[in-house]
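K.L.:
Handing over structure_6.pdb, PDB, N, CA, C and O atoms.
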ATOM      1  N   MET H   1    -196.516 138.652  99.361
ATOM      2  CA  MET H   1    -197.900 139.050  99.523
ATOM      3  C   MET H   1    -198.787 138.432  98.445
ATOM      4  O   MET H   1    -199.800 137.843  98.747
ATOM      5  N   SER H   2    -198.401 138.559  97.163
ATOM      6  CA  SER H   2    -199.243 138.019  96.098
ATOM      7  C   SER H   2    -199.315 136.498  96.169
ATOM      8  O   SER H   2    -200.338 135.915  95.815
ATOM      9  N   ARG H   3    -198.254 135.855  96.637
ATOM     10  CA  ARG H   3    -198.277 134.393  96.786
ATOM     11  C   ARG H   3    -199.303 133.982  97.842
ATOM     12  O   ARG H   3    -200.023 133.001  97.671
ATOM     13  N   ARG H   4    -199.375 134.729  98.912
ATOM     14  CA  ARG H   4    -200.346 134.420  99.965
ATOM     15  C   ARG H   4    -201.773 134.552  99.439
ATOM     16  O   ARG H   4    -202.636 133.724  99.733
ATOM     17  N   ILE H   5    -202.004 135.579  98.657
ATOM     18  CA  ILE H   5    -203.337 135.771  98.070
ATOM     19  C   ILE H   5    -203.661 134.628  97.110
ATOM     20  O   ILE H   5    -204.761 134.072  97.152
ATOM     21  N   ARG H   6    -202.697 134.263  96.275
ATOM     22  CA  ARG H   6    -202.915 133.155  95.343
ATOM     23  C   ARG H   6    -203.206 131.871  96.111
ATOM     24  O   ARG H   6    -204.108 131.107  95.774
ATOM     25  N   ASP H   7    -202.464 131.624  97.181
ATOM     26  CA  ASP H   7    -202.681 130.422  97.987
ATOM     27  C   ASP H   7    -204.070 130.418  98.621
ATOM     28  O   ASP H   7    -204.720 129.374  98.683
ATOM     29  N   ARG H   8    -204.531 131.562  99.069
ATOM     30  CA  ARG H   8    -205.887 131.645  99.641
ATOM     31  C   ARG H   8    -206.934 131.349  98.572
ATOM     32  O   ARG H   8    -207.929 130.670  98.844
ATOM     33  N   ARG H   9    -206.710 131.869  97.361
ATOM     34  CA  ARG H   9    -207.639 131.598  96.259
ATOM     35  C   ARG H   9    -207.620 130.122  95.892
ATOM     36  O   ARG H   9    -208.675 129.513  95.645
ATOM     37  N   LEU H  10    -206.427 129.513  95.861
ATOM     38  CA  LEU H  10    -206.337 128.075  95.564
ATOM     39  C   LEU H  10    -207.052 127.252  96.634
ATOM     40  O   LEU H  10    -207.758 126.290  96.322
ATOM     41  N   ASN H  11    -206.883 127.616  97.894
ATOM     42  CA  ASN H  11    -207.575 126.907  98.971
ATOM     43  C   ASN H  11    -209.088 127.034  98.839
ATOM     44  O   ASN H  11    -209.825 126.066  99.068
ATOM     45  N   ALA H  12    -209.550 128.201  98.456
ATOM     46  CA  ALA H  12    -210.986 128.406  98.245
ATOM     47  C   ALA H  12    -211.487 127.545  97.088
ATOM     48  O   ALA H  12    -212.567 126.936  97.175
ATOM     49  N   CYS H  13    -210.702 127.453  96.034
ATOM     50  CA  CYS H  13    -211.070 126.601  94.900
ATOM     51  C   CYS H  13    -211.131 125.140  95.329
ATOM     52  O   CYS H  13    -212.068 124.415  94.958
ATOM     53  N   HIS H  14    -210.153 124.713  96.097
ATOM     54  CA  HIS H  14    -210.147 123.324  96.580
ATOM     55  C   HIS H  14    -211.420 123.045  97.385
ATOM     56  O   HIS H  14    -212.087 122.035  97.183
ATOM     57  N   ARG H  15    -211.750 123.960  98.281
ATOM     58  CA  ARG H  15    -212.956 123.803  99.099
ATOM     59  C   ARG H  15    -214.194 123.728  98.217
ATOM     60  O   ARG H  15    -215.055 122.874  98.415
ATOM     61  N   GLU H  16    -214.281 124.614  97.231
ATOM     62  CA  GLU H  16    -215.445 124.606  96.336
ATOM     63  C   GLU H  16    -215.518 123.329  95.520
ATOM     64  O   GLU H  16    -216.604 122.798  95.295
ATOM     65  N   LEU H  17    -214.392 122.838  95.049
ATOM     66  CA  LEU H  17    -214.394 121.610  94.252
ATOM     67  C   LEU H  17    -214.852 120.417  95.073
ATOM     68  O   LEU H  17    -215.479 119.503  94.543
ATOM     69  N   THR H  18    -214.565 120.411  96.359
ATOM     70  CA  THR H  18    -215.020 119.294  97.198
ATOM     71  C   THR H  18    -216.509 119.377  97.506
ATOM     72  O   THR H  18    -217.099 118.388  97.936
ATOM     73  N   ARG H  19    -217.117 120.541  97.256
ATOM     74  CA  ARG H  19    -218.546 120.749  97.530
ATOM     75  C   ARG H  19    -219.308 121.203  96.290
ATOM     76  O   ARG H  19    -220.376 121.820  96.403
ATOM     77  N   ALA H  20    -218.777 120.919  95.136
ATOM     78  CA  ALA H  20    -219.324 121.459  93.888
ATOM     79  C   ALA H  20    -220.738 120.980  93.615
ATOM     80  O   ALA H  20    -221.116 119.861  93.954
ATOM     81  N   ARG H  21    -221.476 121.866  92.975
ATOM     82  CA  ARG H  21    -222.811 121.498  92.495
ATOM     83  C   ARG H  21    -222.646 120.586  91.283
ATOM     84  O   ARG H  21    -221.600 120.592  90.627
ATOM     85  N   PRO H  22    -223.641 119.811  90.945
ATOM     86  CA  PRO H  22    -223.528 118.886  89.810
ATOM     87  C   PRO H  22    -223.176 119.562  88.486
ATOM     88  O   PRO H  22    -222.563 118.948  87.623
ATOM     89  N   THR H  23    -223.535 120.817  88.335
ATOM     90  CA  THR H  23    -223.277 121.503  87.070
ATOM     91  C   THR H  23    -221.941 122.249  87.049
ATOM     92  O   THR H  23    -221.542 122.750  86.001
ATOM     93  N   ASP H  24    -221.262 122.339  88.181
ATOM     94  CA  ASP H  24    -219.985 123.054  88.236
ATOM     95  C   ASP H  24    -218.896 122.300  87.498
ATOM     96  O   ASP H  24    -218.826 121.073  87.556
ATOM     97  N   THR H  25    -218.046 123.063  86.833
ATOM     98  CA  THR H  25    -216.854 122.498  86.214
ATOM     99  C   THR H  25    -215.633 123.096  86.903
ATOM    100  O   THR H  25    -215.741 124.088  87.632
ATOM    101  N   VAL H  26    -214.486 122.505  86.644
ATOM    102  CA  VAL H  26    -213.241 123.041  87.185
ATOM    103  C   VAL H  26    -213.058 124.478  86.701
ATOM    104  O   VAL H  26    -212.697 125.371  87.478
ATOM    105  N   THR H  27    -213.334 124.720  85.447
ATOM    106  CA  THR H  27    -213.183 126.064  84.886
ATOM    107  C   THR H  27    -214.118 127.060  85.568
ATOM    108  O   THR H  27    -213.721 128.184  85.868
ATOM    109  N   ASP H  28    -215.364 126.651  85.836
ATOM    110  CA  ASP H  28    -216.303 127.533  86.544
ATOM    111  C   ASP H  28    -215.717 127.975  87.876
ATOM    112  O   ASP H  28    -215.745 129.157  88.215
ATOM    113  N   VAL H  29    -215.215 127.027  88.627
ATOM    114  CA  VAL H  29    -214.660 127.328  89.951
ATOM    115  C   VAL H  29    -213.431 128.221  89.821
ATOM    116  O   VAL H  29    -213.296 129.222  90.523
ATOM    117  N   ALA H  30    -212.539 127.876  88.916
ATOM    118  CA  ALA H  30    -211.327 128.673  88.725
ATOM    119  C   ALA H  30    -211.675 130.113  88.346
ATOM    120  O   ALA H  30    -211.104 131.056  88.909
ATOM    121  N   PHE H  31    -212.588 130.285  87.437
ATOM    122  CA  PHE H  31    -212.951 131.636  86.995
ATOM    123  C   PHE H  31    -213.631 132.422  88.114
ATOM    124  O   PHE H  31    -213.435 133.630  88.222
ATOM    125  N   ARG H  32    -214.424 131.754  88.944
ATOM    126  CA  ARG H  32    -215.054 132.439  90.078
ATOM    127  C   ARG H  32    -214.012 133.046  91.005
ATOM    128  O   ARG H  32    -214.264 134.045  91.671
ATOM    129  N   TRP H  33    -212.852 132.407  91.078
ATOM    130  CA  TRP H  33    -211.783 132.873  91.968
ATOM    131  C   TRP H  33    -210.688 133.608  91.203
ATOM    132  O   TRP H  33    -209.548 133.699  91.659
ATOM    133  N   ALA H  34    -211.042 134.162  90.055
ATOM    134  CA  ALA H  34    -210.188 135.074  89.276
ATOM    135  C   ALA H  34    -208.959 134.427  88.647
ATOM    136  O   ALA H  34    -207.988 135.103  88.343
ATOM    137  N   PHE H  35    -209.012 133.113  88.433
ATOM    138  CA  PHE H  35    -207.992 132.468  87.610
ATOM    139  C   PHE H  35    -208.527 132.508  86.189
ATOM    140  O   PHE H  35    -209.570 131.933  85.905
ATOM    141  N   THR H  36    -207.837 133.200  85.319
ATOM    142  CA  THR H  36    -208.363 133.407  83.970
ATOM    143  C   THR H  36    -207.742 132.476  82.936
ATOM    144  O   THR H  36    -208.147 132.498  81.781
ATOM    145  N   ASP H  37    -206.785 131.669  83.354
ATOM    146  CA  ASP H  37    -206.130 130.721  82.454
ATOM    147  C   ASP H  37    -206.253 129.334  83.079
ATOM    148  O   ASP H  37    -205.644 129.051  84.114
ATOM    149  N   ALA H  38    -207.064 128.485  82.459
ATOM    150  CA  ALA H  38    -207.347 127.163  83.028
ATOM    151  C   ALA H  38    -206.088 126.314  83.169
ATOM    152  O   ALA H  38    -205.932 125.579  84.150
ATOM    153  N   GLY H  39    -205.190 126.401  82.208
ATOM    154  CA  GLY H  39    -203.951 125.632  82.281
ATOM    155  C   GLY H  39    -203.077 126.073  83.435
ATOM    156  O   GLY H  39    -202.535 125.247  84.177
ATOM    157  N   HIS H  40    -202.946 127.369  83.601
ATOM    158  CA  HIS H  40    -202.167 127.906  84.720
ATOM    159  C   HIS H  40    -202.801 127.486  86.047
ATOM    160  O   HIS H  40    -202.105 127.090  86.991
ATOM    161  N   PHE H  41    -204.110 127.592  86.131
ATOM    162  CA  PHE H  41    -204.811 127.189  87.347
ATOM    163  C   PHE H  41    -204.540 125.720  87.675
ATOM    164  O   PHE H  41    -204.203 125.386  88.813
ATOM    165  N   SER H  42    -204.670 124.852  86.686
ATOM    166  CA  SER H  42    -204.451 123.421  86.927
ATOM    167  C   SER H  42    -203.037 123.134  87.402
ATOM    168  O   SER H  42    -202.833 122.334  88.322
ATOM    169  N   ARG H  43    -202.053 123.775  86.795
ATOM    170  CA  ARG H  43    -200.659 123.571  87.220
ATOM    171  C   ARG H  43    -200.425 124.074  88.640
ATOM    172  O   ARG H  43    -199.801 123.394  89.458
ATOM    173  N   ALA H  44    -200.940 125.254  88.954
ATOM    174  CA  ALA H  44    -200.768 125.819  90.299
ATOM    175  C   ALA H  44    -201.484 124.957  91.337
ATOM    176  O   ALA H  44    -200.959 124.719  92.434
ATOM    177  N   PHE H  45    -202.669 124.475  90.998
ATOM    178  CA  PHE H  45    -203.439 123.627  91.907
ATOM    179  C   PHE H  45    -202.687 122.331  92.191
ATOM    180  O   PHE H  45    -202.532 121.939  93.352
ATOM    181  N   LYS H  46    -202.195 121.691  91.141
ATOM    182  CA  LYS H  46    -201.471 120.437  91.318
ATOM    183  C   LYS H  46    -200.187 120.648  92.111
ATOM    184  O   LYS H  46    -199.827 119.820  92.956
ATOM    185  N   GLN H  47    -199.514 121.746  91.877
ATOM    186  CA  GLN H  47    -198.294 122.044  92.628
ATOM    187  C   GLN H  47    -198.619 122.241  94.113
ATOM    188  O   GLN H  47    -197.873 121.800  94.981
ATOM    189  N   SER H  48    -199.743 122.853  94.413
ATOM    190  CA  SER H  48    -200.125 123.116  95.803
ATOM    191  C   SER H  48    -200.670 121.893  96.527
ATOM    192  O   SER H  48    -200.402 121.703  97.706
ATOM    193  N   PHE H  49    -201.464 121.069  95.827
ATOM    194  CA  PHE H  49    -202.176 119.982  96.492
ATOM    195  C   PHE H  49    -201.724 118.586  96.093
ATOM    196  O   PHE H  49    -202.147 117.611  96.703
ATOM    197  N   GLY H  50    -200.914 118.483  95.056
ATOM    198  CA  GLY H  50    -200.416 117.184  94.632
ATOM    199  C   GLY H  50    -201.393 116.361  93.818
ATOM    200  O   GLY H  50    -201.113 115.205  93.499
ATOM    201  N   VAL H  51    -202.527 116.936  93.509
ATOM    202  CA  VAL H  51    -203.549 116.274  92.689
ATOM    203  C   VAL H  51    -204.136 117.302  91.737
ATOM    204  O   VAL H  51    -204.038 118.508  91.967
ATOM    205  N   THR H  52    -204.766 116.839  90.681
ATOM    206  CA  THR H  52    -205.383 117.771  89.737
ATOM    207  C   THR H  52    -206.736 118.239  90.274
ATOM    208  O   THR H  52    -207.394 117.535  91.049
ATOM    209  N   PRO H  53    -207.162 119.419  89.859
ATOM    210  CA  PRO H  53    -208.479 119.883  90.291
ATOM    211  C   PRO H  53    -209.602 118.969  89.798
ATOM    212  O   PRO H  53    -210.583 118.741  90.517
ATOM    213  N   SER H  54    -209.440 118.410  88.621
ATOM    214  CA  SER H  54    -210.489 117.519  88.120
ATOM    215  C   SER H  54    -210.588 116.247  88.946
ATOM    216  O   SER H  54    -211.685 115.711  89.133
ATOM    217  N   SER H  55    -209.469 115.768  89.483
ATOM    218  CA  SER H  55    -209.539 114.568  90.328
ATOM    219  C   SER H  55    -210.241 114.876  91.652
ATOM    220  O   SER H  55    -210.968 114.028  92.175
ATOM    221  N   VAL H  56    -210.057 116.079  92.171
ATOM    222  CA  VAL H  56    -210.766 116.463  93.393
ATOM    223  C   VAL H  56    -212.256 116.528  93.123
ATOM    224  O   VAL H  56    -213.077 116.011  93.905
ATOM    225  N   LEU H  57    -212.625 117.110  92.004
ATOM    226  CA  LEU H  57    -214.049 117.215  91.639
ATOM    227  C   LEU H  57    -214.652 115.834  91.414
ATOM    228  O   LEU H  57    -215.732 115.527  91.926
ATOM    229  N   THR H  58    -213.950 114.969  90.704
ATOM    230  CA  THR H  58    -214.447 113.621  90.447
ATOM    231  C   THR H  58    -214.617 112.848  91.762
ATOM    232  O   THR H  58    -215.636 112.175  91.958
ATOM    233  N   HIS H  59    -213.651 112.944  92.630
ATOM    234  CA  HIS H  59    -213.729 112.250  93.925
ATOM    235  C   HIS H  59    -214.918 112.782  94.752
ATOM    236  O   HIS H  59    -215.658 111.993  95.345
ATOM    237  N   ALA H  60    -215.088 114.085  94.765
ATOM    238  CA  ALA H  60    -216.187 114.663  95.530
ATOM    239  C   ALA H  60    -217.534 114.180  94.990
ATOM    240  O   ALA H  60    -218.450 113.888  95.771
ATOM    241  N   ARG H  61    -217.646 114.075  93.691
ATOM    242  CA  ARG H  61    -218.917 113.625  93.114
ATOM    243  C   ARG H  61    -219.168 112.139  93.359
ATOM    244  O   ARG H  61    -220.301 111.712  93.500
ATOM    245  N   SER H  62    -218.094 111.360  93.399
ATOM    246  CA  SER H  62    -218.271 109.926  93.599
ATOM    247  C   SER H  62    -218.575 109.569  95.051
ATOM    248  O   SER H  62    -219.136 108.513  95.326
ATOM    249  N   THR H  63    -218.181 110.438  95.968
ATOM    250  CA  THR H  63    -218.436 110.164  97.389
ATOM    251  C   THR H  63    -219.626 110.966  97.910
ATOM    252  O   THR H  63    -220.038 110.771  99.034
ATOM    253  N   GLY H  64    -220.118 111.856  97.053
ATOM    254  CA  GLY H  64    -221.146 112.776  97.250
ATOM    255  C   GLY H  64    -222.192 112.754  98.179
ATOM    256  O   GLY H  64    -222.997 113.181  98.680
TER
END
Show how you would write the structure in this file as structure tokens.
P.N.:
Amino acid sequence: MSRRIRDRRLNACHRELTRARPTDTVTDVAFRWAFTDAGHFSRAFKQSFGVTPSSVLTHARSTG
């Protein structure tokens, strides 16, 4: 059950990072979705998606 909730939160973060406002940071997005440890969030995100959250944000901004 908790894994499913975490996965839903990670998916929401991924979606937000692909649509981030210019002032949003990875930490802002993670904290909005109740990830309180940036390192843990980054590791979980990379394990789920195969890329870092910062690379998703950078790509979204470059294709913007």
K.L.:
Report as an mmCIF file with N, CA, C and O atoms, keeping the file's coordinate frame all protein, DNA and RNA residues lying within 6 Å of range 18-31 of chain H, evaluated on only N, CA, C and O atoms, omitting residues in the same chain fewer than 4 positions from it.
P.N.:
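Generated output (selection-v8.cif):
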data_model
loop_
_atom_site.group_PDB
_atom_site.id
_atom_site.type_symbol
_atom_site.label_atom_id
_atom_site.label_comp_id
_atom_site.auth_asym_id
_atom_site.auth_seq_id
_atom_site.Cartn_x
_atom_site.Cartn_y
_atom_site.Cartn_z
ATOM 1 N N CYS H 13 -210.702 127.453 96.034
ATOM 2 C CA CYS H 13 -211.070 126.601 94.900
ATOM 3 C C CYS H 13 -211.131 125.140 95.329
ATOM 4 O O CYS H 13 -212.068 124.415 94.958
ATOM 5 N N HIS H 14 -210.153 124.713 96.097
ATOM 6 C CA HIS H 14 -210.147 123.324 96.580
ATOM 7 C C HIS H 14 -211.420 123.045 97.385
ATOM 8 O O HIS H 14 -212.087 122.035 97.183
ATOM 9 N N PHE H 35 -209.012 133.113 88.433
ATOM 10 C CA PHE H 35 -207.992 132.468 87.610
ATOM 11 C C PHE H 35 -208.527 132.508 86.189
ATOM 12 O O PHE H 35 -209.570 131.933 85.905
ATOM 13 N N THR H 36 -207.837 133.200 85.319
ATOM 14 C CA THR H 36 -208.363 133.407 83.970
ATOM 15 C C THR H 36 -207.742 132.476 82.936
ATOM 16 O O THR H 36 -208.147 132.498 81.781
ATOM 17 N N VAL H 56 -210.057 116.079 92.171
ATOM 18 C CA VAL H 56 -210.766 116.463 93.393
ATOM 19 C C VAL H 56 -212.256 116.528 93.123
ATOM 20 O O VAL H 56 -213.077 116.011 93.905
ATOM 21 N N LEU H 57 -212.625 117.110 92.004
ATOM 22 C CA LEU H 57 -214.049 117.215 91.639
ATOM 23 C C LEU H 57 -214.652 115.834 91.414
ATOM 24 O O LEU H 57 -215.732 115.527 91.926
ATOM 25 N N ALA H 60 -215.088 114.085 94.765
ATOM 26 C CA ALA H 60 -216.187 114.663 95.530
ATOM 27 C C ALA H 60 -217.534 114.180 94.990
ATOM 28 O O ALA H 60 -218.450 113.888 95.771
#
K.L.:
So which one's closest to Phe45 in chain H, H:Trp33, H:Ser62, H:Asn11, H:Glu16? Using only N, CA, C and O atoms, please.
P.N.:
H:Asn11
K.L.:
Report the distance between CA of Ile5 in chain H and CA of Arg61 in chain H in Å, rounded to one decimal place.
P.N.:
27.5 Å
K.L.:
Rounded to one decimal, what separation in Å do you get between atom N of Ala34 in chain H and atom N of Val51 in chain H?
P.N.:
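Result for atom N of Ala34 in chain H versus atom N of Val51 in chain H: 19.5 Å, one decimal.
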K.L.:
Pull out range 34-57 of chain H, keep N, CA, C and O atoms, and write it as a compact mmCIF listing (two decimals), in the first residue's frame.
P.N.:
# COMPACT_ATOMS: atom_id res chain seq x y z
N ALA H 34 5.45 16.01 -0.43
CA ALA H 34 5.75 15.42 0.89
C ALA H 34 7.01 14.56 0.94
O ALA H 34 7.14 13.71 1.81
N PHE H 35 7.94 14.79 0.02
CA PHE H 35 9.26 14.19 0.15
C PHE H 35 10.09 15.19 0.93
O PHE H 35 10.30 16.31 0.48
N THR H 36 10.53 14.81 2.10
CA THR H 36 11.21 15.77 2.97
C THR H 36 12.73 15.64 2.94
O THR H 36 13.42 16.43 3.57
N ASP H 37 13.23 14.66 2.21
CA ASP H 37 14.67 14.45 2.09
C ASP H 37 15.02 14.45 0.60
O ASP H 37 14.64 13.53 -0.13
N ALA H 38 15.71 15.49 0.16
CA ALA H 38 16.00 15.65 -1.27
C ALA H 38 16.83 14.50 -1.82
O ALA H 38 16.61 14.06 -2.96
N GLY H 39 17.77 14.00 -1.05
CA GLY H 39 18.59 12.89 -1.50
C GLY H 39 17.78 11.62 -1.69
O GLY H 39 17.92 10.92 -2.69
N HIS H 40 16.92 11.34 -0.74
CA HIS H 40 16.04 10.17 -0.84
C HIS H 40 15.12 10.32 -2.06
O HIS H 40 14.91 9.36 -2.81
N PHE H 41 14.56 11.49 -2.23
CA PHE H 41 13.69 11.74 -3.38
C PHE H 41 14.43 11.49 -4.69
O PHE H 41 13.92 10.79 -5.57
N SER H 42 15.63 12.03 -4.82
CA SER H 42 16.39 11.85 -6.06
C SER H 42 16.69 10.39 -6.34
O SER H 42 16.57 9.93 -7.49
N ARG H 43 17.07 9.64 -5.32
CA ARG H 43 17.34 8.21 -5.51
C ARG H 43 16.09 7.44 -5.91
O ARG H 43 16.11 6.62 -6.83
N ALA H 44 14.98 7.72 -5.24
CA ALA H 44 13.72 7.03 -5.55
C ALA H 44 13.25 7.39 -6.96
O ALA H 44 12.77 6.52 -7.71
N PHE H 45 13.39 8.65 -7.33
CA PHE H 45 12.99 9.10 -8.66
C PHE H 45 13.81 8.40 -9.74
O PHE H 45 13.26 7.87 -10.70
N LYS H 46 15.12 8.38 -9.55
CA LYS H 46 15.99 7.74 -10.53
C LYS H 46 15.71 6.24 -10.63
O LYS H 46 15.72 5.67 -11.72
N GLN H 47 15.45 5.61 -9.51
CA GLN H 47 15.13 4.19 -9.52
C GLN H 47 13.82 3.94 -10.28
O GLN H 47 13.71 2.97 -11.03
N SER H 48 12.86 4.83 -10.15
CA SER H 48 11.57 4.66 -10.82
C SER H 48 11.60 5.00 -12.30
O SER H 48 10.95 4.35 -13.10
N PHE H 49 12.34 6.06 -12.68
CA PHE H 49 12.28 6.57 -14.04
C PHE H 49 13.56 6.40 -14.84
O PHE H 49 13.56 6.65 -16.04
N GLY H 50 14.64 6.03 -14.19
CA GLY H 50 15.90 5.82 -14.89
C GLY H 50 16.66 7.09 -15.22
O GLY H 50 17.68 7.03 -15.91
N VAL H 51 16.16 8.21 -14.77
CA VAL H 51 16.82 9.50 -14.97
C VAL H 51 16.69 10.31 -13.69
O VAL H 51 15.83 10.04 -12.85
N THR H 52 17.53 11.31 -13.54
CA THR H 52 17.45 12.15 -12.35
C THR H 52 16.33 13.18 -12.51
O THR H 52 15.97 13.57 -13.63
N PRO H 53 15.77 13.63 -11.39
CA PRO H 53 14.74 14.67 -11.49
C PRO H 53 15.28 15.96 -12.11
O PRO H 53 14.57 16.63 -12.87
N SER H 54 16.53 16.28 -11.83
CA SER H 54 17.08 17.50 -12.41
C SER H 54 17.21 17.40 -13.92
O SER H 54 17.04 18.39 -14.63
N SER H 55 17.48 16.20 -14.44
CA SER H 55 17.57 16.06 -15.90
C SER H 55 16.19 16.21 -16.54
O SER H 55 16.08 16.76 -17.64
N VAL H 56 15.15 15.76 -15.87
CA VAL H 56 13.80 15.94 -16.39
C VAL H 56 13.46 17.42 -16.42
O VAL H 56 12.93 17.95 -17.42
N LEU H 57 13.80 18.12 -15.36
CA LEU H 57 13.53 19.57 -15.29
C LEU H 57 14.32 20.32 -16.35
O LEU H 57 13.78 21.16 -17.07
